[in-house]
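Containing compact mmCIF, C-alpha atoms: entry-v7.txt.
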# COMPACT_ATOMS: atom_id res chain seq x y z
CA MET A 1 0.00 0.00 0.00
CA ALA A 2 2.86 2.42 0.78
CA ASP A 3 4.06 2.16 -2.81
CA GLU A 4 0.78 3.70 -3.95
CA ILE A 5 1.36 6.82 -1.91
CA ARG A 6 3.80 9.46 -3.05
CA ARG A 7 6.23 10.87 -0.49
CA ASN A 8 4.68 14.34 -0.60
CA MET A 9 1.06 13.31 -0.01
CA ALA A 10 -0.54 14.74 3.11
CA LEU A 11 -1.30 11.82 5.42
CA PHE A 12 -0.10 12.45 8.97
CA PRO A 13 -1.71 14.73 11.57
CA ILE A 14 0.56 16.74 13.83
CA GLY A 15 0.06 14.34 16.76
CA ILE A 16 1.73 11.45 14.95
CA VAL A 17 4.52 13.73 13.73
CA MET A 18 5.11 15.06 17.26
CA LYS A 19 5.42 11.52 18.66
CA LEU A 20 7.84 10.40 15.99
CA THR A 21 10.07 13.47 15.97
CA ASP A 22 9.82 14.30 19.67
CA LEU A 23 9.21 17.91 18.67
CA THR A 24 6.49 20.10 20.14
CA ALA A 25 3.70 21.59 18.07
CA ARG A 26 5.29 25.00 18.69
CA GLN A 27 8.64 23.85 17.29
CA ILE A 28 6.96 22.37 14.22
CA ARG A 29 5.01 25.61 13.62
CA TYR A 30 8.26 27.58 14.04
CA TYR A 31 9.96 25.55 11.30
CA GLU A 32 6.90 26.06 9.14
CA GLN A 33 7.11 29.84 9.70
CA HIS A 34 10.70 29.70 8.47
CA GLU A 35 9.61 27.78 5.36
CA LEU A 36 11.66 24.72 6.20
CA ILE A 37 8.51 22.60 5.87
CA VAL A 38 5.18 23.32 4.20
CA PRO A 39 2.50 20.98 5.50
CA ALA A 40 -0.79 20.89 3.66
CA ARG A 41 -4.00 22.17 5.23
CA THR A 42 -7.41 20.56 5.26
CA SER A 43 -10.55 22.58 4.66
CA GLY A 44 -10.77 22.83 8.47
CA ASN A 45 -7.20 24.26 8.54
CA GLN A 46 -5.66 21.14 10.15
CA ARG A 47 -2.01 20.59 9.26
CA LEU A 48 -1.26 17.34 7.47
CA PHE A 49 2.30 16.17 6.94
CA SER A 50 3.94 13.98 4.33
CA PHE A 51 6.78 11.48 4.54
CA ASN A 52 9.04 14.26 3.20
CA ASP A 53 7.94 16.65 5.95
CA VAL A 54 8.73 14.13 8.69
CA GLU A 55 12.12 13.40 7.18
CA ARG A 56 12.93 17.12 6.94
CA LEU A 57 11.85 17.68 10.56
CA LEU A 58 14.18 14.89 11.71
CA GLU A 59 17.02 16.43 9.70
CA ILE A 60 16.30 19.84 11.29
CA LYS A 61 16.23 18.27 14.75
CA SER A 62 19.56 16.56 14.11
CA LEU A 63 21.15 19.84 13.01
CA ILE A 64 19.76 21.69 16.06
CA GLU A 65 21.19 18.98 18.33
CA LYS A 66 24.59 19.53 16.67
CA GLY A 67 24.40 23.24 17.56
CA VAL A 68 23.37 24.67 14.18
CA ASN A 69 21.07 27.68 14.51
CA ILE A 70 18.04 28.41 12.31
CA ALA A 71 20.08 30.67 10.00
CA GLY A 72 22.59 27.86 9.46
CA ILE A 73 19.82 25.36 8.84
CA LYS A 74 18.35 27.68 6.21
CA GLN A 75 21.75 27.72 4.50
CA VAL A 76 21.97 23.93 4.51
CA MET A 77 18.35 23.15 3.66
CA ASN A 78 16.59 24.94 0.86
CA PRO A 79 13.33 26.65 1.84
CA VAL A 80 10.19 24.93 0.59
CA SER A 81 7.35 26.88 -1.00
CA LYS A 82 3.80 25.79 -1.70
CA GLU A 83 4.66 25.71 -5.39
CA SER A 84 7.73 23.52 -4.85
CA GLU A 85 7.84 19.90 -5.97
CA ASP A 86 8.57 18.99 -2.34
CA ALA A 87 5.54 20.78 -0.93
CA THR A 88 3.00 18.57 0.76
CA ILE A 89 -0.17 18.14 -1.24
CA VAL A 90 -3.72 17.23 -0.32
CA SER A 91 -5.26 15.27 -3.12
CA GLU A 92 -8.39 13.21 -3.43
CA GLN A 93 -6.22 10.10 -3.38
CA SER A 94 -4.40 11.12 -0.19
CA GLU A 95 -7.68 12.06 1.53
CA VAL A 96 -9.20 8.68 0.66
CA LYS A 97 -6.08 6.83 1.87
CA ARG A 98 -5.92 8.85 5.08
CA ARG A 99 -9.54 8.07 5.92
CA GLU A 100 -9.07 4.36 5.16
CA LEU A 101 -5.98 3.92 7.33
CA SER A 102 -5.89 3.63 11.09
CA ASP A 103 -3.24 5.46 13.11
CA GLN A 104 -1.46 2.13 13.58
CA GLN A 105 -1.36 1.55 9.82
CA LEU A 106 -0.07 5.11 9.28
CA HIS A 107 2.68 4.49 11.85
CA ARG A 108 3.65 1.27 10.09
CA MET A 109 3.77 2.99 6.69
CA LEU A 110 5.83 5.85 8.09
CA LYS A 111 8.29 3.43 9.66
CA GLN A 112 8.65 1.52 6.41
CA GLN A 113 9.23 4.66 4.36
CA LEU A 114 11.72 6.19 6.79
CA LEU A 115 13.76 3.01 7.11
CA GLU A 116 13.94 2.59 3.36
CA LYS A 117 17.45 3.22 2.11
CA ARG A 118 17.55 5.92 -0.53
CA PRO A 119 20.70 6.62 -2.55
CA GLY A 120 22.57 9.70 -1.38
CA ARG A 121 20.57 10.03 1.85
CA ALA A 122 22.07 9.14 5.20
CA SER A 123 19.65 7.64 7.67
CA LEU A 124 19.39 10.16 10.50
CA ILE A 125 16.43 8.59 12.16
CA GLN A 126 17.12 5.02 13.18
CA GLY A 127 17.45 5.94 16.87
CA GLN A 128 14.33 8.09 16.68
CA LEU A 129 12.35 5.23 15.16
CA THR A 130 13.47 2.79 17.82
CA ARG A 131 12.14 5.04 20.57
CA PHE A 132 8.93 5.72 18.66
CA LEU A 133 8.24 2.10 17.76
CA ASN A 134 8.91 0.83 21.26
CA ASN A 135 6.15 3.16 22.49
CA LYS A 136 3.66 1.99 19.86
CA HIS A 137 3.89 -1.81 20.05

Mind converting the file's structure to structure tokens?
Amino acid sequence: MADEIRRNMALFPIGIVMKLTDLTARQIRYYEQHELIVPARTSGNQRLFSFNDVERLLEIKSLIEKGVNIAGIKQVMNPVSKESEDATIVSEQSEVKRRELSDQQLHRMLKQQLLEKRPGRASLIQGQLTRFLNNKH
């Protein structure tokens, strides 16, 4: 099922993202204000995050933990705009998938996507996933 969903489709509510990244809602909104992530919004203005958003948030968190400030992070990571290819999108397909899937299924999909080895990308999140998964199962 995960193969059917593109990495920038809006699937995850902020609660799931907060648990996985160990970031607060305030921190996530702050990174959004600085255009480091661009979550999609539902008609009710709820933020929905994609696999790409979660991965970027974990990269930001790693840089912060290494002592890089927000200005440095902006130099390292390109800002994302709503028109960007990396921007999170709400589509009919993602809305249908999101409604069909339970939180547990979303967690499983997120784990699978984040553990997937992608050429040229170092895995920053293995320790984060261990903590997150131990709390879920």

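Taking CA of Asn8 (chain A) and CA of Phe49 (chain A) as the two end points, the separation is 8.1 Å.
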
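Distance-wise, CA of Glu35 (chain A) and CA of Arg108 (chain A) end up 27.6 Å apart.
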
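Across the structure, CA of Asn78 (chain A) and CA of Pro13 (chain A) are spaced 23.5 Å apart.
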
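The protein and nucleic acid residues lying at most 12 Å from His34 (chain A) are A:Gln27, A:Ile28, A:Arg29, A:Tyr30, A:Val38, A:Ile60, A:Ile70, A:Ala71, A:Ile73, A:Lys74, A:Gln75, A:Met77, A:Asn78, A:Pro79, A:Val80, A:Ser81, with only C-alpha atoms considered and sequence neighbours fewer than 4 positions away removed.
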
Include C-alpha atoms and write out the residues we just selected as a PDB file, in the frame of the given file.
ATOM      1  CA  GLN A  27       8.640  23.850  17.290  1.00  0.00           C
ATOM      2  CA  ILE A  28       6.960  22.370  14.220  1.00  0.00           C
ATOM      3  CA  ARG A  29       5.010  25.610  13.620  1.00  0.00           C
ATOM      4  CA  TYR A  30       8.260  27.580  14.040  1.00  0.00           C
ATOM      5  CA  VAL A  38       5.180  23.320   4.200  1.00  0.00           C
ATOM      6  CA  ILE A  60      16.300  19.840  11.290  1.00  0.00           C
ATOM      7  CA  ILE A  70      18.040  28.410  12.310  1.00  0.00           C
ATOM      8  CA  ALA A  71      20.080  30.670  10.000  1.00  0.00           C
ATOM      9  CA  ILE A  73      19.820  25.360   8.840  1.00  0.00           C
ATOM     10  CA  LYS A  74      18.350  27.680   6.210  1.00  0.00           C
ATOM     11  CA  GLN A  75      21.750  27.720   4.500  1.00  0.00           C
ATOM     12  CA  MET A  77      18.350  23.150   3.660  1.00  0.00           C
ATOM     13  CA  ASN A  78      16.590  24.940   0.860  1.00  0.00           C
ATOM     14  CA  PRO A  79      13.330  26.650   1.840  1.00  0.00           C
ATOM     15  CA  VAL A  80      10.190  24.930   0.590  1.00  0.00           C
ATOM     16  CA  SER A  81       7.350  26.880  -1.000  1.00  0.00           C
TER      17      SER A  81
END

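Residues within 6 Å of Thr88 (chain A), counting all atoms listed in the file and excluding same-chain residues fewer than 6 positions away, are Asn8, Met9, Ala10, Pro39, Ala40 and Ser50 of chain A.
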
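Neighbouring residues of Ile37 (chain A) at 7 Å or closer, counting only C-alpha atoms and skipping chain neighbours under 5 positions away, are Tyr31, Glu32, Asp53 and Val80 of chain A.
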
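With distances restricted to only C-alpha atoms, A:Asn52 is the closest residue to Arg6 (chain A) from A:Gln33, A:Gln105, A:Ser62, A:Asn52.
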
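Candidate residues A:Leu23, A:Leu106, A:Leu48, A:Ile16 were compared for distance to Lys61 (chain A), and the nearest is A:Leu23, using only C-alpha atoms.
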
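Remark: for Arg7 (chain A), the closest of the candidate residues A:Gly67, A:Glu59, A:Val54, A:Glu95 is A:Val54 (distances computed over all atoms listed in the file).
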